[in-house]
file run.cif (mmCIF, C-alpha atoms)
data_structure
loop_
_atom_site.label_atom_id
_atom_site.label_comp_id
_atom_site.auth_asym_id
_atom_site.auth_seq_id
_atom_site.Cartn_x
_atom_site.Cartn_y
_atom_site.Cartn_z
CA MET B 825 25.83 -9.71 69.84
CA PRO B 826 22.41 -11.40 70.14
CA SER B 827 21.91 -14.86 71.58
CA LEU B 828 19.10 -17.38 71.84
CA VAL B 829 18.81 -20.01 74.58
CA ALA B 830 16.16 -22.74 74.68
CA GLU B 831 16.10 -24.73 77.92
CA GLN B 832 14.14 -27.96 78.40
CA VAL B 833 11.44 -26.83 75.97
CA GLY B 834 8.48 -29.12 75.49
CA HIS B 835 5.11 -28.90 73.78
CA ARG B 836 2.04 -31.03 73.22
CA TYR B 837 -1.44 -30.65 71.78
CA GLY B 838 -3.75 -32.50 74.12
CA THR B 839 -2.30 -36.00 74.42
CA LEU B 840 -0.11 -35.59 71.32
CA LEU B 841 3.48 -35.05 72.43
CA LEU B 842 5.55 -33.15 69.85
CA PHE B 843 8.83 -32.78 71.73
CA ARG B 844 10.23 -32.50 75.25
CA ARG B 845 13.47 -31.58 77.04
CA LEU B 846 14.69 -29.74 73.95
CA SER B 847 17.68 -27.49 74.69
CA PHE B 848 20.15 -25.54 72.57
CA SER B 849 21.86 -22.17 72.41
CA MET B 850 23.18 -20.00 69.60
CA GLU B 851 24.80 -16.61 69.09
CA GLY B 852 24.93 -13.94 66.42
CA GLY B 853 26.44 -15.13 63.15
CA GLU B 854 25.16 -18.67 63.61
CA SER B 855 22.44 -20.67 61.92
CA LEU B 856 20.64 -23.85 62.90
CA ALA B 857 18.64 -26.36 60.87
CA VAL B 858 15.63 -27.98 62.57
CA THR B 859 14.82 -31.24 60.83
CA GLY B 860 12.13 -33.87 61.07
CA ALA B 861 9.28 -35.49 59.21
CA ASN B 862 6.12 -33.62 58.28
CA GLY B 863 4.03 -33.14 61.41
CA ALA B 864 6.98 -33.72 63.75
CA GLY B 865 6.68 -30.27 65.33
CA LYS B 866 9.17 -28.14 63.39
CA SER B 867 6.66 -25.36 62.70
CA THR B 868 5.49 -25.38 66.32
CA LEU B 869 9.06 -25.02 67.55
CA LEU B 870 9.67 -22.04 65.26
CA ARG B 871 6.50 -20.36 66.55
CA ILE B 872 7.75 -20.88 70.09
CA LEU B 873 11.17 -19.44 69.21
CA ALA B 874 9.40 -16.48 67.56
CA GLY B 875 7.57 -15.75 70.80
CA VAL B 876 4.09 -16.14 69.31
CA LEU B 877 3.36 -19.47 71.06
CA MET B 878 4.17 -20.29 74.67
CA PRO B 879 5.71 -23.72 75.26
CA LYS B 880 4.02 -26.13 77.66
CA ALA B 881 7.38 -26.57 79.40
CA GLY B 882 10.77 -24.88 79.47
CA THR B 883 11.93 -21.40 78.52
CA VAL B 884 13.21 -19.50 75.49
CA THR B 885 15.40 -16.45 76.12
CA LEU B 886 16.38 -13.96 73.44
CA THR B 887 19.13 -11.53 74.42
CA VAL B 888 20.01 -8.43 72.39
CA ASP B 889 22.78 -5.96 73.28
CA GLY B 890 23.26 -7.70 76.61
CA ALA B 891 19.62 -7.34 77.67
CA SER B 892 17.10 -10.16 77.93
CA ILE B 893 14.02 -9.46 75.80
CA GLY B 894 10.69 -9.74 77.60
CA GLU B 895 7.70 -11.78 76.45
CA GLU B 896 5.83 -8.82 74.94
CA GLU B 897 8.80 -7.50 72.99
CA HIS B 898 10.13 -10.90 71.91
CA PRO B 899 7.87 -11.28 68.83
CA LEU B 900 8.82 -7.76 67.72
CA ARG B 901 12.50 -8.72 67.61
CA THR B 902 12.04 -11.76 65.38
CA GLY B 903 11.17 -12.29 61.74
CA LEU B 904 9.10 -15.38 60.88
CA VAL B 905 8.43 -16.75 57.40
CA ALA B 906 5.99 -19.67 57.40
CA PRO B 907 3.43 -21.28 55.05
CA ALA B 908 0.68 -20.64 57.61
CA LEU B 909 1.19 -16.88 57.51
CA GLY B 910 -1.55 -15.39 55.34
CA LEU B 911 -1.61 -12.34 53.09
CA TYR B 912 -4.58 -10.20 52.10
CA ARG B 913 -5.08 -10.85 48.41
CA ALA B 914 -6.98 -7.60 47.82
CA LEU B 915 -4.09 -5.51 49.18
CA THR B 916 -0.94 -4.65 47.28
CA ALA B 917 2.46 -6.01 48.28
CA ARG B 918 3.32 -2.68 49.87
CA GLU B 919 0.01 -2.56 51.76
CA ASN B 920 0.43 -6.12 53.01
CA VAL B 921 3.88 -5.40 54.43
CA ALA B 922 2.61 -2.19 56.04
CA PHE B 923 -0.47 -3.96 57.46
CA LEU B 924 1.60 -6.80 58.93
CA ALA B 925 3.93 -4.24 60.51
CA GLU B 926 0.96 -2.43 62.06
CA ALA B 927 -0.54 -5.68 63.29
CA ARG B 928 2.72 -6.45 65.08
CA ARG B 929 2.90 -2.90 66.45
CA LEU B 930 6.21 -2.26 64.72
CA GLY B 931 6.89 1.47 64.79
CA GLY B 932 9.21 3.57 62.66
CA VAL B 933 9.64 1.01 59.89
CA GLU B 934 7.63 2.64 57.09
CA ALA B 935 10.76 4.06 55.47
CA ARG B 936 12.16 0.54 55.09
CA ILE B 937 9.24 -0.92 53.13
CA ASP B 938 10.65 0.00 49.73
CA THR B 939 14.07 -1.28 50.80
CA VAL B 940 12.85 -4.73 51.76
CA LEU B 941 10.58 -5.05 48.72
CA ASP B 942 13.63 -4.33 46.58
CA GLN B 943 15.69 -6.80 48.61
CA VAL B 944 13.26 -9.61 47.79
CA GLY B 945 13.01 -8.62 44.14
CA ILE B 946 9.44 -7.35 43.85
CA ALA B 947 9.88 -3.57 44.02
CA ASN B 948 8.49 -3.30 40.48
CA ARG B 949 5.26 -5.00 41.64
CA ALA B 950 4.97 -3.18 44.97
CA ASP B 951 1.65 -1.53 44.10
CA ASP B 952 0.01 -4.53 42.44
CA PRO B 953 -2.63 -6.57 44.30
CA VAL B 954 -1.28 -9.78 45.79
CA SER B 955 -4.17 -11.58 44.06
CA THR B 956 -2.21 -11.17 40.80
CA PHE B 957 0.94 -12.75 42.26
CA SER B 958 2.22 -16.29 41.80
CA SER B 959 2.76 -18.40 44.92
CA GLY B 960 6.48 -17.69 44.68
CA MET B 961 5.92 -13.94 44.60
CA ARG B 962 3.62 -14.17 47.61
CA GLN B 963 6.40 -15.99 49.43
CA ARG B 964 8.69 -13.05 48.63
CA VAL B 965 6.18 -10.68 50.24
CA LYS B 966 6.37 -12.77 53.42
CA TYR B 967 10.15 -12.41 53.38
CA ALA B 968 9.82 -8.65 52.99
CA ALA B 969 7.53 -8.49 56.02
CA ALA B 970 9.90 -10.63 58.09
CA LEU B 971 12.91 -8.46 57.24
CA LEU B 972 11.19 -5.13 57.80
CA ALA B 973 12.32 -4.57 61.40
CA ASP B 974 15.87 -5.88 60.74
CA PRO B 975 15.36 -8.61 63.35
CA PRO B 976 18.30 -10.20 65.19
CA LEU B 977 16.54 -13.59 64.88
CA LEU B 978 15.18 -14.84 61.56
CA LEU B 979 13.01 -17.98 61.56
CA LEU B 980 12.33 -19.67 58.24
CA ASP B 981 9.79 -22.50 57.99
CA GLU B 982 10.38 -24.48 54.77
CA PRO B 983 12.29 -21.49 53.34
CA ALA B 984 12.29 -22.58 49.70
CA ALA B 985 8.57 -23.40 49.53
CA ASN B 986 6.99 -22.23 46.24
CA LEU B 987 10.22 -20.56 45.09
CA ASP B 988 12.00 -21.04 41.78
CA ALA B 989 15.77 -21.07 41.33
CA SER B 990 16.08 -17.29 41.58
CA GLY B 991 13.90 -17.29 44.69
CA ARG B 992 16.02 -19.96 46.34
CA ALA B 993 19.12 -17.92 45.53
CA MET B 994 17.43 -14.93 47.17
CA VAL B 995 16.86 -16.97 50.34
CA THR B 996 20.49 -18.09 50.40
CA GLY B 997 21.54 -14.45 50.11
CA ILE B 998 19.22 -13.40 52.94
CA ILE B 999 20.59 -16.11 55.22
CA ASP B 1000 24.19 -15.23 54.36
CA ASP B 1001 23.54 -11.52 54.95
CA GLN B 1002 21.79 -12.21 58.27
CA ARG B 1003 24.77 -14.19 59.56
CA ALA B 1004 27.33 -11.73 58.19
CA ASP B 1005 25.53 -8.88 59.97
CA GLY B 1006 25.70 -10.73 63.30
CA GLY B 1007 22.14 -12.04 63.29
CA MET B 1008 20.85 -15.56 63.88
CA VAL B 1009 18.89 -17.88 61.58
CA VAL B 1010 16.82 -20.97 62.40
CA VAL B 1011 15.56 -22.97 59.42
CA ALA B 1012 12.94 -25.71 59.63
CA THR B 1013 13.19 -28.18 56.78
CA ASN B 1014 12.82 -31.84 55.86
CA ARG B 1015 15.16 -31.40 52.89
CA ALA B 1016 18.69 -32.73 53.39
CA ASP B 1017 20.21 -30.26 50.91
CA GLU B 1018 18.83 -27.30 52.89
CA ALA B 1019 19.89 -28.71 56.26
CA GLU B 1020 23.44 -29.35 55.04
CA ARG B 1021 23.99 -25.63 54.45
CA HIS B 1022 23.99 -25.05 58.20
CA ALA B 1023 26.81 -25.99 60.55
CA ARG B 1024 24.42 -27.24 63.23
CA SER B 1025 21.20 -29.22 63.17
CA LEU B 1026 18.55 -30.38 65.61
CA ARG B 1027 16.32 -33.37 64.87
CA ILE B 1028 12.87 -33.07 66.43
CA GLU B 1029 12.38 -36.83 66.74
CA ASP B 1030 15.43 -37.02 69.06
CA HIS B 1031 13.46 -35.12 71.71
CA ARG B 1032 10.47 -37.35 72.39
#
call {"tool": "encode", "arguments": {"input": "run.cif", "output": "structure tokens"}}
result
Amino acid sequence: MPSLVAEQVGHRYGTLLLFRRLSFSMEGGESLAVTGANGAGKSTLLRILAGVLMPKAGTVTLTVDGASIGEEEHPLRTGLVAPALGLYRALTARENVAFLAEARRLGGVEARIDTVLDQVGIANRADDPVSTFSSGMRQRVKYAAALLADPPLLLLDEPAANLDASGRAMVTGIIDDQRADGGMVVVATNRADEAERHARSLRIEDHR
């Protein structure tokens, strides 16, 4: 069963302190809501947990099958969905997912591309340029890319952004499936209704 441990994590940009002495732990099957106002540092924390940004203080340890995951492999074992993640509008949905996998050096996942595109409900548009997609459909492509490697840790920054009712239902299903399969989910949100769906929450402003 995977686990995630954050110990005394802190981060700042220049003189701007976002958070400090932030600690928590979680195991497979659990989910956590990270809450706070816009600009509080929720997105930064998720990037740190994803292993794509090093904290200024503290440590984050991801363990899978009893083994601690090293810094280089850590980002390969997580799936991150965030507004800041860009897609190439000239590429198709399938090409975008494949390109993002290659950029992350994910090997042996090509056979899963059709599976994840179907999982997020855009298999019928897989070979259409992303430039023809609505913002909600582009968000679904990001979910497909995040799910491609079947990560033990899924990190969702404002998970319902740009999604309609069916898209939000898709996200709920993805979170439920991740937990049921023994994975972990961390959701960053400033919406009370989203935070309430998770048994545990962490408020960024409590760590300043």
call {"tool": "residues_near_point", "arguments": {"input": "run.cif", "point": "(9.8, -13.5, 64.8)", "cutoff": "9 Å", "atoms": "all atoms listed in the file", "output": "list in words"}}
result
Leu870, Arg871, Leu873, Ala874, Gly875, Val876, His898, Pro899, Leu900, Arg901, Thr902, Gly903, Leu904, Val905, Ala970, Pro975, Leu977, Leu978 and Leu979 of chain B
call {"tool": "residues_around", "arguments": {"input": "run.cif", "residues": "Glu1020 in chain B", "least_positions_apart": "3", "cutoff": "12 Å", "atoms": "only C-alpha atoms", "output": "VMD selection string"}}
result
chain B and resid 855 to 859 1011 1013 to 1017 1023 to 1026
call {"tool": "resolve_selection", "arguments": {"input": "run.cif", "expression": "the PyMOL selection byres ((chain B and resi 992) around 12)", "output": "ChimeraX atom specification"}}
result
/B:944-945,960-961,963-964,967,982-991,993-999,1018
call {"tool": "closest_residue", "arguments": {"input": "run.cif", "among": "B:Glu919, B:Asp1005, B:Glu897, B:Glu1029", "to": "Met825 in chain B", "atoms": "only C-alpha atoms"}}
result
B:Asp1005
call {"tool": "residues_around", "arguments": {"input": "run.cif", "residues": "Arg845 in chain B", "least_positions_apart": "2", "cutoff": "6 Å", "atoms": "all atoms listed in the file", "output": "ChimeraX atom specification"}}
result
/B:832-834
call {"tool": "resolve_selection", "arguments": {"input": "run.cif", "expression": "the PyMOL selection byres ((chain B and resi 885) around 10)", "output": "mmCIF file with C-alpha atoms, keeping the file's coordinate frame"}}
result
data_model
loop_
_atom_site.group_PDB
_atom_site.id
_atom_site.type_symbol
_atom_site.label_atom_id
_atom_site.label_comp_id
_atom_site.auth_asym_id
_atom_site.auth_seq_id
_atom_site.Cartn_x
_atom_site.Cartn_y
_atom_site.Cartn_z
ATOM 1 C CA SER B 827 21.910 -14.860 71.580
ATOM 2 C CA LEU B 828 19.100 -17.380 71.840
ATOM 3 C CA VAL B 829 18.810 -20.010 74.580
ATOM 4 C CA ALA B 830 16.160 -22.740 74.680
ATOM 5 C CA GLU B 831 16.100 -24.730 77.920
ATOM 6 C CA SER B 849 21.860 -22.170 72.410
ATOM 7 C CA LEU B 873 11.170 -19.440 69.210
ATOM 8 C CA GLY B 875 7.570 -15.750 70.800
ATOM 9 C CA THR B 883 11.930 -21.400 78.520
ATOM 10 C CA VAL B 884 13.210 -19.500 75.490
ATOM 11 C CA LEU B 886 16.380 -13.960 73.440
ATOM 12 C CA THR B 887 19.130 -11.530 74.420
ATOM 13 C CA VAL B 888 20.010 -8.430 72.390
ATOM 14 C CA SER B 892 17.100 -10.160 77.930
ATOM 15 C CA ILE B 893 14.020 -9.460 75.800
ATOM 16 C CA GLY B 894 10.690 -9.740 77.600
ATOM 17 C CA GLU B 895 7.700 -11.780 76.450
ATOM 18 C CA HIS B 898 10.130 -10.900 71.910
#
call {"tool": "residues_around", "arguments": {"input": "run.cif", "residues": "Gly1007 in chain B", "least_positions_apart": "4", "cutoff": "7 Å", "atoms": "all atoms listed in the file", "output": "list in words"}}
result
Pro826, Gly852, Gly853, Pro976, Leu977, Gln1002 and Arg1003 of chain B
call {"tool": "atom_distance", "arguments": {"input": "run.cif", "atom1": "CA of Ala906 in chain B", "atom2": "CA of Asp981 in chain B"}}
result
4.8 Å
call {"tool": "closest_residue", "arguments": {"input": "run.cif", "among": "B:Arg1032, B:Arg1021, B:Lys880, B:Lys966", "to": "Arg844 in chain B", "atoms": "all atoms listed in the file"}}
result
B:Arg1032
call {"tool": "closest_residue", "arguments": {"input": "run.cif", "among": "B:Ala947, B:Val933, B:Pro953, B:Leu911", "to": "Leu971 in chain B", "atoms": "only C-alpha atoms"}}
result
B:Val933
call {"tool": "atom_distance", "arguments": {"input": "run.cif", "atom1": "CA of Asp974 in chain B", "atom2": "CA of Ala908 in chain B"}}
result
21.4 Å
call {"tool": "atom_distance", "arguments": {"input": "run.cif", "atom1": "CA of Asp1001 in chain B", "atom2": "CA of Leu877 in chain B"}}
result
27.0 Å
call {"tool": "closest_residue", "arguments": {"input": "run.cif", "among": "B:Leu930, B:Ala973, B:Arg913, B:Ala1012", "to": "Ser958 in chain B", "atoms": "all atoms listed in the file"}}
result
B:Arg913
call {"tool": "resolve_selection", "arguments": {"input": "run.cif", "expression": "the PyMOL selection byres ((chain B and resi 920) around 12)", "output": "ChimeraX atom specification"}}
result
/B:909-919,921-927,937,941,950-955,962,964-970,972
